[in-house]
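To start, the structure under review is shown below, and the notes come after it.
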Number of protein chains: 2
Amino acid sequence: MKTDYLDIIRKAGLRATPQRIAICEYLIDTDSHPTANDIYMKLKDRFPSLSLATIYNTLDVMVGMGYVNALGSIGDDTVHFDGNTSPHINLACTKCHTIIDLKSELVAQLDSEIDQISGYRVLGARVLYYGICPQCQSTN
Amino acid sequence: MKTDYLDIIRKAGLRATPQRIAICEYLIDTDSHPTANDIYMKLKDRFPSLSLATIYNTLDVMVGMGYVNALGSIGDDTVHFDGNTSPHINLACTKCHTIIDLKSELVAQLDSEIDQISGYRVLGARVLYYGICPQCQSTN
DNA sequence: TTTTGTGCAAACGTTTTGCAATTAT
DNA sequence: ATAATTGCAAAACGTTTGCACAAAA
């Protein structure tokens, strides 16, 4: 089943421009955890005139709507985004700047715990552990 | 029981300067989640010549050693730090830029889950949910 | 036709860097 | 004495903003 990007964009109160569709498509289909610049570089072939401003703009709205999580920087001073909002752990290596996903039933429990007791309108989560990955540990 | 700041700093391989002691002291005693600038403003009375560079410098090392967690930005474009590395949830309001702590047994379980299965040398965690706090929801 | 979005370039603010003077060990 | 740290100023970098043009509804 394919996600309906048009629907997501419209639900966010935005007009469905080709750029936005492409950004959402990339974010939600990838299992990488791209920065704004990653998305920019990935899409500039298809949209030569695409600007970073548009990407940041779209990203902000998506995060504000809860369709995308903002994970923050992982030692590279740029914000990484996560189009996968299902409950999981993000594991980041601060050396090679890679983020992997870990399924965890505990995160799902965490989500509902917060929903029930916090009183917050929760927009997103940042369940991220950072450290040195096995590969970078041996590469020293 | 008082935390031994000298010890923490020395374990990090750093010289125990008054500035560093003050930074650690503030970070670990407070239950706020300060930015570098928060710390700067808090300490500049006692250390008129203190510079932000020193704060960022010290912070980086503390995070790298796992004594402080870097939570990232919460909509205010500045990184917030958490001197409390015991397992808990951080709940951030992206409107008033406040972070509160929530005790959670689930996070402790999460911590050990990661330790056991990941193979990473874990340096820190960022268990943070963001959204709109009850107060900001009504203030609209 | 009206309103919203795009893209560019310039601005902004946080964080980093280089270096001389200072300080901990 | 020696090597690390500070603080300053300037630079760097990611991100945001303002505005004229273009495009979606």
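Every chain in the structure tokens has a letter given in the order shown (A, B, ...), and although residue numbers restart at 1 in each chain, ligands are simply numbered from 1 in the order shown.
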**Message:** Residues of chain B within 6 Å of chain A, counting only C-alpha atoms, what are they? List them as a ChimeraX atom specification.
**Reply:** /B:72,119-134
I need the chosen residues saved as a PDB file, in the first residue's frame, with C-alpha atoms.
```
ATOM      1  CA  GLY B  72      19.175  19.173  20.810  1.00  0.00           C
ATOM      2  CA  GLY B 119      27.150  -3.403  20.394  1.00  0.00           C
ATOM      3  CA  TYR B 120      27.489   0.374  20.569  1.00  0.00           C
ATOM      4  CA  ARG B 121      29.538   2.182  23.167  1.00  0.00           C
ATOM      5  CA  VAL B 122      26.618   4.303  24.293  1.00  0.00           C
ATOM      6  CA  LEU B 123      27.577   7.832  25.332  1.00  0.00           C
ATOM      7  CA  GLY B 124      24.225   9.414  25.860  1.00  0.00           C
ATOM      8  CA  ALA B 125      20.526   9.390  25.274  1.00  0.00           C
ATOM      9  CA  ARG B 126      17.939  11.724  23.971  1.00  0.00           C
ATOM     10  CA  VAL B 127      14.590  10.437  25.123  1.00  0.00           C
ATOM     11  CA  LEU B 128      12.538  13.481  24.395  1.00  0.00           C
ATOM     12  CA  TYR B 129       8.953  14.022  23.388  1.00  0.00           C
ATOM     13  CA  TYR B 130       8.011  17.413  22.023  1.00  0.00           C
ATOM     14  CA  GLY B 131       4.699  19.117  21.648  1.00  0.00           C
ATOM     15  CA  ILE B 132       2.512  21.773  23.211  1.00  0.00           C
ATOM     16  CA  CYS B 133       2.222  21.858  26.974  1.00  0.00           C
ATOM     17  CA  PRO B 134      -1.201  22.191  28.653  1.00  0.00           C
TER      18      PRO B 134
END
```
Please return, as a PyMOL selection string, all residues of chain B that DSSP assigns to strand (DSSP E) on the basis of the backbone.
chain B and resi 69-72+80-82+88-93+98-103+121-132
Keeping only N, CA and C atoms, write those residues as a compact mmCIF listing (two decimals), in the first residue's frame.
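selection_18.txt written:
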```
# COMPACT_ATOMS: atom_id res chain seq x y z
N ASN B 69 23.92 14.84 28.78
CA ASN B 69 23.25 14.50 27.54
C ASN B 69 22.92 15.74 26.73
N ALA B 70 23.11 15.64 25.43
CA ALA B 70 22.75 16.74 24.52
C ALA B 70 21.37 16.45 23.96
N LEU B 71 20.41 17.27 24.31
CA LEU B 71 19.03 17.00 23.91
C LEU B 71 18.69 17.57 22.55
N GLY B 72 19.48 18.53 22.08
CA GLY B 72 19.17 19.17 20.81
C GLY B 72 18.27 20.37 21.00
N HIS B 80 19.94 22.23 23.91
CA HIS B 80 19.74 22.15 25.36
C HIS B 80 20.51 20.95 25.90
N PHE B 81 21.04 21.11 27.11
CA PHE B 81 21.83 20.05 27.72
C PHE B 81 21.14 19.57 28.99
N ASP B 82 21.44 18.33 29.33
CA ASP B 82 20.81 17.71 30.50
C ASP B 82 21.88 17.05 31.36
N HIS B 88 15.24 8.84 32.31
CA HIS B 88 13.98 9.58 32.42
C HIS B 88 13.56 10.09 31.06
N ILE B 89 12.33 10.53 30.99
CA ILE B 89 11.81 11.11 29.76
C ILE B 89 11.88 12.63 29.86
N ASN B 90 12.30 13.28 28.79
CA ASN B 90 12.22 14.74 28.72
C ASN B 90 11.02 15.12 27.88
N LEU B 91 10.23 16.04 28.41
CA LEU B 91 9.03 16.49 27.71
C LEU B 91 9.21 17.97 27.40
N ALA B 92 9.27 18.29 26.12
CA ALA B 92 9.57 19.67 25.74
C ALA B 92 8.37 20.34 25.11
N CYS B 93 8.17 21.60 25.47
CA CYS B 93 7.14 22.40 24.81
C CYS B 93 7.81 23.27 23.76
N THR B 98 10.18 25.04 27.24
CA THR B 98 10.46 24.50 28.56
C THR B 98 10.57 22.98 28.46
N ILE B 99 11.46 22.42 29.26
CA ILE B 99 11.60 20.97 29.28
C ILE B 99 11.38 20.48 30.70
N ILE B 100 10.51 19.49 30.83
CA ILE B 100 10.33 18.90 32.16
C ILE B 100 10.74 17.42 32.11
N ASP B 101 11.02 16.89 33.28
CA ASP B 101 11.43 15.50 33.38
C ASP B 101 10.27 14.64 33.85
N LEU B 102 10.21 13.43 33.31
CA LEU B 102 9.21 12.46 33.74
C LEU B 102 9.94 11.19 34.13
N LYS B 103 9.73 10.76 35.35
CA LYS B 103 10.35 9.50 35.73
C LYS B 103 9.68 8.38 34.95
N ARG B 121 29.11 1.55 21.93
CA ARG B 121 29.54 2.18 23.17
C ARG B 121 28.65 3.40 23.35
N VAL B 122 27.63 3.25 24.16
CA VAL B 122 26.62 4.30 24.29
C VAL B 122 27.15 5.45 25.15
N LEU B 123 27.06 6.65 24.62
CA LEU B 123 27.58 7.83 25.33
C LEU B 123 26.47 8.69 25.91
N GLY B 124 25.29 8.58 25.35
CA GLY B 124 24.22 9.41 25.86
C GLY B 124 22.90 9.07 25.23
N ALA B 125 21.86 9.67 25.76
CA ALA B 125 20.53 9.39 25.27
C ALA B 125 19.74 10.68 25.11
N ARG B 126 18.78 10.59 24.29
CA ARG B 126 17.94 11.72 23.97
C ARG B 126 16.51 11.19 23.90
N VAL B 127 15.96 10.94 25.07
CA VAL B 127 14.59 10.44 25.12
C VAL B 127 13.70 11.63 25.39
N LEU B 128 13.23 12.21 24.29
CA LEU B 128 12.54 13.48 24.39
C LEU B 128 11.29 13.47 23.53
N TYR B 129 10.19 13.84 24.14
CA TYR B 129 8.95 14.02 23.39
C TYR B 129 8.68 15.51 23.31
N TYR B 130 8.28 15.98 22.14
CA TYR B 130 8.01 17.41 22.02
C TYR B 130 6.58 17.66 21.54
N GLY B 131 6.08 18.78 21.99
CA GLY B 131 4.70 19.12 21.65
C GLY B 131 4.31 20.41 22.33
N ILE B 132 3.01 20.55 22.58
CA ILE B 132 2.51 21.77 23.21
C ILE B 132 2.03 21.43 24.62
```
Per residue of chain D within 9 Å of chain A, what are the shortest atom pair and its distance in Å to one decimal, counting only C-alpha atoms (C1' of nucleotides), with rows by chain and residue number, as JSON lines?
```
{"residue": "D:DC13", "atom": "C1'", "partner": "A:Asp77", "partner_atom": "CA", "distance": 8.7}
{"residue": "D:DG14", "atom": "C1'", "partner": "A:Thr78", "partner_atom": "CA", "distance": 6.7}
{"residue": "D:DT15", "atom": "C1'", "partner": "A:Tyr56", "partner_atom": "CA", "distance": 7.9}
{"residue": "D:DT16", "atom": "C1'", "partner": "A:Ala53", "partner_atom": "CA", "distance": 8.0}
{"residue": "D:DA23", "atom": "C1'", "partner": "A:Thr17", "partner_atom": "CA", "distance": 8.6}
{"residue": "D:DA24", "atom": "C1'", "partner": "A:Arg15", "partner_atom": "CA", "distance": 6.7}
{"residue": "D:DA25", "atom": "C1'", "partner": "A:Arg15", "partner_atom": "CA", "distance": 8.2}
```
Go ahead and save the picked residues with N, CA, C and O atoms (P, O5', C5', C4', C3', O3' and C1' of nucleotides), as an mmCIF file, in the first residue's frame.
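Saved to again-v3.cif:
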```
data_model
loop_
_atom_site.group_PDB
_atom_site.id
_atom_site.type_symbol
_atom_site.label_atom_id
_atom_site.label_comp_id
_atom_site.auth_asym_id
_atom_site.auth_seq_id
_atom_site.Cartn_x
_atom_site.Cartn_y
_atom_site.Cartn_z
ATOM 1 P P DC D 13 32.885 26.200 6.945
ATOM 2 O "O5'" DC D 13 31.389 25.772 7.263
ATOM 3 C "C5'" DC D 13 31.117 25.206 8.549
ATOM 4 C "C4'" DC D 13 29.697 25.513 8.917
ATOM 5 C "C3'" DC D 13 28.702 25.292 7.771
ATOM 6 O "O3'" DC D 13 28.075 24.040 7.997
ATOM 7 C "C1'" DC D 13 28.162 27.176 9.154
ATOM 8 P P DG D 14 26.982 23.472 7.005
ATOM 9 O "O5'" DG D 14 25.677 23.806 7.846
ATOM 10 C "C5'" DG D 14 25.515 23.210 9.114
ATOM 11 C "C4'" DG D 14 24.299 23.790 9.812
ATOM 12 C "C3'" DG D 14 22.964 23.492 9.138
ATOM 13 O "O3'" DG D 14 22.005 23.301 10.180
ATOM 14 C "C1'" DG D 14 23.284 25.832 9.214
ATOM 15 P P DT D 15 20.548 22.816 9.804
ATOM 16 O "O5'" DT D 15 19.762 24.199 9.729
ATOM 17 C "C5'" DT D 15 19.588 24.919 10.939
ATOM 18 C "C4'" DT D 15 18.982 26.272 10.647
ATOM 19 C "C3'" DT D 15 17.611 26.230 9.946
ATOM 20 O "O3'" DT D 15 16.659 26.737 10.873
ATOM 21 C "C1'" DT D 15 19.040 27.922 9.058
ATOM 22 P P DT D 16 15.141 27.023 10.423
ATOM 23 O "O5'" DT D 16 15.182 28.575 10.051
ATOM 24 C "C5'" DT D 16 15.699 29.475 10.998
ATOM 25 C "C4'" DT D 16 15.526 30.903 10.511
ATOM 26 C "C3'" DT D 16 14.127 31.237 10.004
ATOM 27 O "O3'" DT D 16 13.758 32.448 10.640
ATOM 28 C "C1'" DT D 16 15.748 31.805 8.369
ATOM 29 P P DA D 23 5.918 28.631 -13.367
ATOM 30 O "O5'" DA D 23 4.879 28.134 -12.274
ATOM 31 C "C5'" DA D 23 5.369 27.622 -11.041
ATOM 32 C "C4'" DA D 23 4.192 27.275 -10.148
ATOM 33 C "C3'" DA D 23 3.089 26.496 -10.857
ATOM 34 O "O3'" DA D 23 2.622 25.534 -9.937
ATOM 35 C "C1'" DA D 23 2.178 28.429 -9.899
ATOM 36 P P DA D 24 1.752 24.278 -10.417
ATOM 37 O "O5'" DA D 24 0.610 24.269 -9.292
ATOM 38 C "C5'" DA D 24 0.991 24.070 -7.938
ATOM 39 C "C4'" DA D 24 -0.168 24.455 -7.034
ATOM 40 C "C3'" DA D 24 -1.460 23.698 -7.330
ATOM 41 O "O3'" DA D 24 -2.017 23.268 -6.094
ATOM 42 C "C1'" DA D 24 -1.818 26.061 -7.497
ATOM 43 P P DA D 25 -3.221 22.241 -6.069
ATOM 44 O "O5'" DA D 25 -4.480 23.194 -5.955
ATOM 45 C "C5'" DA D 25 -4.825 23.755 -4.688
ATOM 46 C "C4'" DA D 25 -5.895 24.802 -4.851
ATOM 47 C "C3'" DA D 25 -7.171 24.275 -5.487
ATOM 48 O "O3'" DA D 25 -8.097 23.917 -4.468
ATOM 49 C "C1'" DA D 25 -6.539 26.433 -6.344
#
```
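Residue list for chain C within 9 Å of chain B: DG13, DT14, DT15, DT16, DT23, DA24 and DT25 of chain C, counting only C-alpha atoms (C1' of nucleotides).
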Among the residues of region 7-68 of chain B, find those DSSP assigns to alpha helix (DSSP H) from the backbone and print them as an NGL selection string.
-> :B and (7-11 or 18-29 or 36-43 or 52-65)
Distance query region 18-29 of chain A at most 9 Å, only C-alpha atoms (C1' of nucleotides), self and fewer than 3 positions along chain excluded, as a short mmCIF file (atom, residue, chain, number, x, y, z; two decimals) with C-alpha atoms, in the first residue's frame:
```cif
data_model
loop_
_atom_site.label_atom_id
_atom_site.label_comp_id
_atom_site.auth_asym_id
_atom_site.auth_seq_id
_atom_site.Cartn_x
_atom_site.Cartn_y
_atom_site.Cartn_z
CA THR A 3 1.30 6.34 1.17
CA TYR A 5 1.59 12.09 -0.18
CA LEU A 6 -1.01 14.44 -1.57
CA ILE A 8 -0.48 14.22 3.91
CA ILE A 9 0.35 17.56 2.37
CA LEU A 14 -0.46 23.06 2.23
CA ARG A 15 -0.71 23.18 -1.50
CA SER A 32 18.00 6.93 6.15
CA HIS A 33 17.70 9.90 8.47
CA PRO A 34 18.49 12.75 6.14
CA ILE A 39 17.33 15.95 0.68
CA TYR A 40 18.49 18.92 -1.35
CA LYS A 42 19.05 14.03 -3.66
CA LEU A 43 16.39 16.07 -5.38
CA PHE A 47 14.38 19.93 -9.56
CA LEU A 50 15.02 23.69 -5.92
CA THR A 54 11.73 25.32 0.41
CA ILE A 55 13.05 22.19 2.05
CA THR A 58 8.31 22.04 4.22
CA LEU A 59 10.22 20.18 6.89
CA MET A 62 5.78 18.38 8.55
CA TYR A 67 4.39 13.52 10.18
CA VAL A 68 8.13 13.76 10.58
CA PHE A 81 14.91 14.09 10.23
CA ASP A 82 13.00 10.85 10.49
CA GLY A 83 10.04 10.13 8.26
CA ASN A 84 9.27 6.99 10.19
#
```
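We find CA of Pro48 (chain A) and C1' of DG7 (chain C) to be spaced 10.8 Å apart.
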Separating CA of Asp7 (chain A) from CA of Thr30 (chain A), to the nearest tenth of an Å, is a gap of 18.5 Å
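Pairwise distance (CA of Lys44 (chain A), C1' of DA20 (chain D)) equals 22.6 Å.
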